[in-house]
Amino acid sequence: MDNSSAKMVHKGDILYALYGATSGEVSRARLDGAINQAILALLPNKDINADFLVEWFRKEKSNIIATFLQGGQGNLSAQIIKELVVAIPSSHEQKKIGDYFSILDNLITLQLRK
């Protein structure tokens with residue numbers, strides 16, 4: 001990997017896949033490390049709950065793909081993602097939504113391991 005294109009991310013950062021078959025996939029970084037240009041690191045401001053934002057991206061994945069990737073495996077860009085309009089509920093509601101889906105994701109993961 002060319003070190004000049006690698007970017008450092010930290011545990012908890014939001015990672016968004018921009019290219020190829022995984023375009024639109026989103027998750028939180030599980031450890032500190034490096035990413036390349038195929039992954040966009042998102043750092044929400046203090047008014048946006050990161051877990052809520054991850055769930056919003058998951059919910060909107062098919063709309064984003066349908067709108068911005070025309071046929072085949074296209075590429076998203078950081079500019080496209082940064083210009084998306086996200087309806088942000090109150091901080092309290094964001095936390096409740098984010099927590100709910102984090103718990104649900106953990107339960108699904110535990111079920112799949114059985």
# chains A, B, ... in the order shown; residues from 1 in each chain; ligands from 1

call {"tool": "residues_around", "arguments": {"residues": "region 48-60 of chain A", "least_positions_apart": "4", "cutoff": "8 Å", "atoms": "only C-alpha atoms", "output": "list in words"}}
result
Asp13, Ile14, Gly24, Glu25, Val26, Ser27, Arg28, Leu43, Pro44, Ile64, Val86, Ile88, Ser91, Gln94, Lys95, Ile97, Gly98, Asp99, Phe101 and Ser102 of chain A

call {"tool": "write_last_selection", "arguments": {"atoms": "C-alpha atoms", "output": "PDB file, in the first residue's frame"}}
result
ATOM      1  CA  ASP A  13     -14.911   6.474  13.445  1.00  0.00           C
ATOM      2  CA  ILE A  14     -17.577   5.893  10.792  1.00  0.00           C
ATOM      3  CA  GLY A  24     -22.518   2.104   0.356  1.00  0.00           C
ATOM      4  CA  GLU A  25     -21.517  -0.303   3.124  1.00  0.00           C
ATOM      5  CA  VAL A  26     -21.014   1.478   6.437  1.00  0.00           C
ATOM      6  CA  SER A  27     -19.662   0.523   9.855  1.00  0.00           C
ATOM      7  CA  ARG A  28     -17.736   1.840  12.842  1.00  0.00           C
ATOM      8  CA  LEU A  43     -16.402  12.172  11.945  1.00  0.00           C
ATOM      9  CA  PRO A  44     -19.801  13.595  12.927  1.00  0.00           C
ATOM     10  CA  ILE A  64     -27.900   6.373  -2.475  1.00  0.00           C
ATOM     11  CA  VAL A  86     -29.796  14.006   6.702  1.00  0.00           C
ATOM     12  CA  ILE A  88     -31.486  14.961  12.308  1.00  0.00           C
ATOM     13  CA  SER A  91     -29.970  14.449  20.466  1.00  0.00           C
ATOM     14  CA  GLN A  94     -30.655  10.082  18.017  1.00  0.00           C
ATOM     15  CA  LYS A  95     -29.174   8.329  21.047  1.00  0.00           C
ATOM     16  CA  ILE A  97     -32.289   5.157  17.831  1.00  0.00           C
ATOM     17  CA  GLY A  98     -28.526   4.548  17.703  1.00  0.00           C
ATOM     18  CA  ASP A  99     -28.538   2.514  20.935  1.00  0.00           C
ATOM     19  CA  PHE A 101     -29.834  -0.591  16.533  1.00  0.00           C
ATOM     20  CA  SER A 102     -26.453  -1.195  18.183  1.00  0.00           C
TER      21      SER A 102
END

call {"tool": "residues_around", "arguments": {"residues": "Leu18 (chain A)", "least_positions_apart": "3", "cutoff": "6 Å", "atoms": "only C-alpha atoms", "output": "list in words"}}
result
Ser23, Ala38, Ile39, Asn75 and Leu76 of chain A

call {"tool": "write_last_selection", "arguments": {"atoms": "C-alpha atoms", "output": "mmCIF file, in the first residue's frame"}}
result
data_model
loop_
_atom_site.group_PDB
_atom_site.id
_atom_site.type_symbol
_atom_site.label_atom_id
_atom_site.label_comp_id
_atom_site.auth_asym_id
_atom_site.auth_seq_id
_atom_site.Cartn_x
_atom_site.Cartn_y
_atom_site.Cartn_z
ATOM 1 C CA SER A 23 -20.197 0.740 -2.303
ATOM 2 C CA ALA A 38 -11.739 3.461 -1.254
ATOM 3 C CA ILE A 39 -13.019 4.183 2.272
ATOM 4 C CA ASN A 75 -17.923 4.774 -7.561
ATOM 5 C CA LEU A 76 -19.294 7.111 -4.948
#

call {"tool": "select_by_dssp", "arguments": {"residues": "chain A", "states": "strand (DSSP E)", "output": "list in words"}}
result
Lys7, Met8, Val9, Ile14, Leu15, Tyr16, Ala17, Val26, Ser27, Arg28, Gly33, Ala34, Ile35, Ile39, Leu40, Ala41 and Leu42 of chain A

call {"tool": "write_last_selection", "arguments": {"atoms": "N, CA and C atoms", "output": "PDB file, in the first residue's frame"}}
result
ATOM      1  N   LYS A   7      -4.882   6.902   5.204  1.00  0.00           N
ATOM      2  CA  LYS A   7      -5.346   7.862   6.197  1.00  0.00           C
ATOM      3  C   LYS A   7      -5.565   7.106   7.495  1.00  0.00           C
ATOM      4  N   MET A   8      -5.231   7.734   8.589  1.00  0.00           N
ATOM      5  CA  MET A   8      -5.404   7.103   9.888  1.00  0.00           C
ATOM      6  C   MET A   8      -6.836   7.323  10.389  1.00  0.00           C
ATOM      7  N   VAL A   9      -7.396   6.269  10.952  1.00  0.00           N
ATOM      8  CA  VAL A   9      -8.703   6.344  11.577  1.00  0.00           C
ATOM      9  C   VAL A   9      -8.586   5.809  12.993  1.00  0.00           C
ATOM     10  N   ILE A  14     -16.651   6.482  11.756  1.00  0.00           N
ATOM     11  CA  ILE A  14     -17.577   5.893  10.792  1.00  0.00           C
ATOM     12  C   ILE A  14     -16.809   5.665   9.496  1.00  0.00           C
ATOM     13  N   LEU A  15     -16.904   4.452   8.951  1.00  0.00           N
ATOM     14  CA  LEU A  15     -16.226   4.099   7.709  1.00  0.00           C
ATOM     15  C   LEU A  15     -17.267   3.800   6.647  1.00  0.00           C
ATOM     16  N   TYR A  16     -17.124   4.440   5.483  1.00  0.00           N
ATOM     17  CA  TYR A  16     -18.104   4.327   4.409  1.00  0.00           C
ATOM     18  C   TYR A  16     -17.394   3.905   3.127  1.00  0.00           C
ATOM     19  N   ALA A  17     -17.810   2.770   2.553  1.00  0.00           N
ATOM     20  CA  ALA A  17     -17.184   2.244   1.339  1.00  0.00           C
ATOM     21  C   ALA A  17     -17.658   3.014   0.112  1.00  0.00           C
ATOM     22  N   VAL A  26     -21.438   0.561   5.385  1.00  0.00           N
ATOM     23  CA  VAL A  26     -21.014   1.478   6.437  1.00  0.00           C
ATOM     24  C   VAL A  26     -20.859   0.718   7.745  1.00  0.00           C
ATOM     25  N   SER A  27     -19.891   1.145   8.559  1.00  0.00           N
ATOM     26  CA  SER A  27     -19.662   0.523   9.855  1.00  0.00           C
ATOM     27  C   SER A  27     -18.840   1.480  10.706  1.00  0.00           C
ATOM     28  N   ARG A  28     -18.625   1.095  11.946  1.00  0.00           N
ATOM     29  CA  ARG A  28     -17.736   1.840  12.842  1.00  0.00           C
ATOM     30  C   ARG A  28     -16.411   1.099  12.912  1.00  0.00           C
ATOM     31  N   GLY A  33      -6.326   2.398  12.923  1.00  0.00           N
ATOM     32  CA  GLY A  33      -5.623   1.832  11.781  1.00  0.00           C
ATOM     33  C   GLY A  33      -5.608   2.784  10.607  1.00  0.00           C
ATOM     34  N   ALA A  34      -5.256   2.237   9.456  1.00  0.00           N
ATOM     35  CA  ALA A  34      -5.159   3.034   8.235  1.00  0.00           C
ATOM     36  C   ALA A  34      -6.190   2.557   7.221  1.00  0.00           C
ATOM     37  N   ILE A  35      -6.667   3.486   6.411  1.00  0.00           N
ATOM     38  CA  ILE A  35      -7.578   3.179   5.316  1.00  0.00           C
ATOM     39  C   ILE A  35      -7.005   3.798   4.043  1.00  0.00           C
ATOM     40  N   ILE A  39     -12.209   4.050   1.058  1.00  0.00           N
ATOM     41  CA  ILE A  39     -13.019   4.183   2.272  1.00  0.00           C
ATOM     42  C   ILE A  39     -13.015   5.644   2.713  1.00  0.00           C
ATOM     43  N   LEU A  40     -14.193   6.132   3.029  1.00  0.00           N
ATOM     44  CA  LEU A  40     -14.336   7.485   3.547  1.00  0.00           C
ATOM     45  C   LEU A  40     -14.528   7.411   5.052  1.00  0.00           C
ATOM     46  N   ALA A  41     -13.713   8.135   5.800  1.00  0.00           N
ATOM     47  CA  ALA A  41     -13.882   8.216   7.254  1.00  0.00           C
ATOM     48  C   ALA A  41     -14.745   9.438   7.558  1.00  0.00           C
ATOM     49  N   LEU A  42     -15.802   9.219   8.319  1.00  0.00           N
ATOM     50  CA  LEU A  42     -16.717  10.296   8.688  1.00  0.00           C
ATOM     51  C   LEU A  42     -16.624  10.541  10.186  1.00  0.00           C
TER      52      LEU A  42
END

call {"tool": "closest_residue", "arguments": {"among": "A:Asn63, A:His92, A:Leu112, A:Asn36", "to": "Ala6 (chain A)", "atoms": "only C-alpha atoms"}}
result
A:Asn36
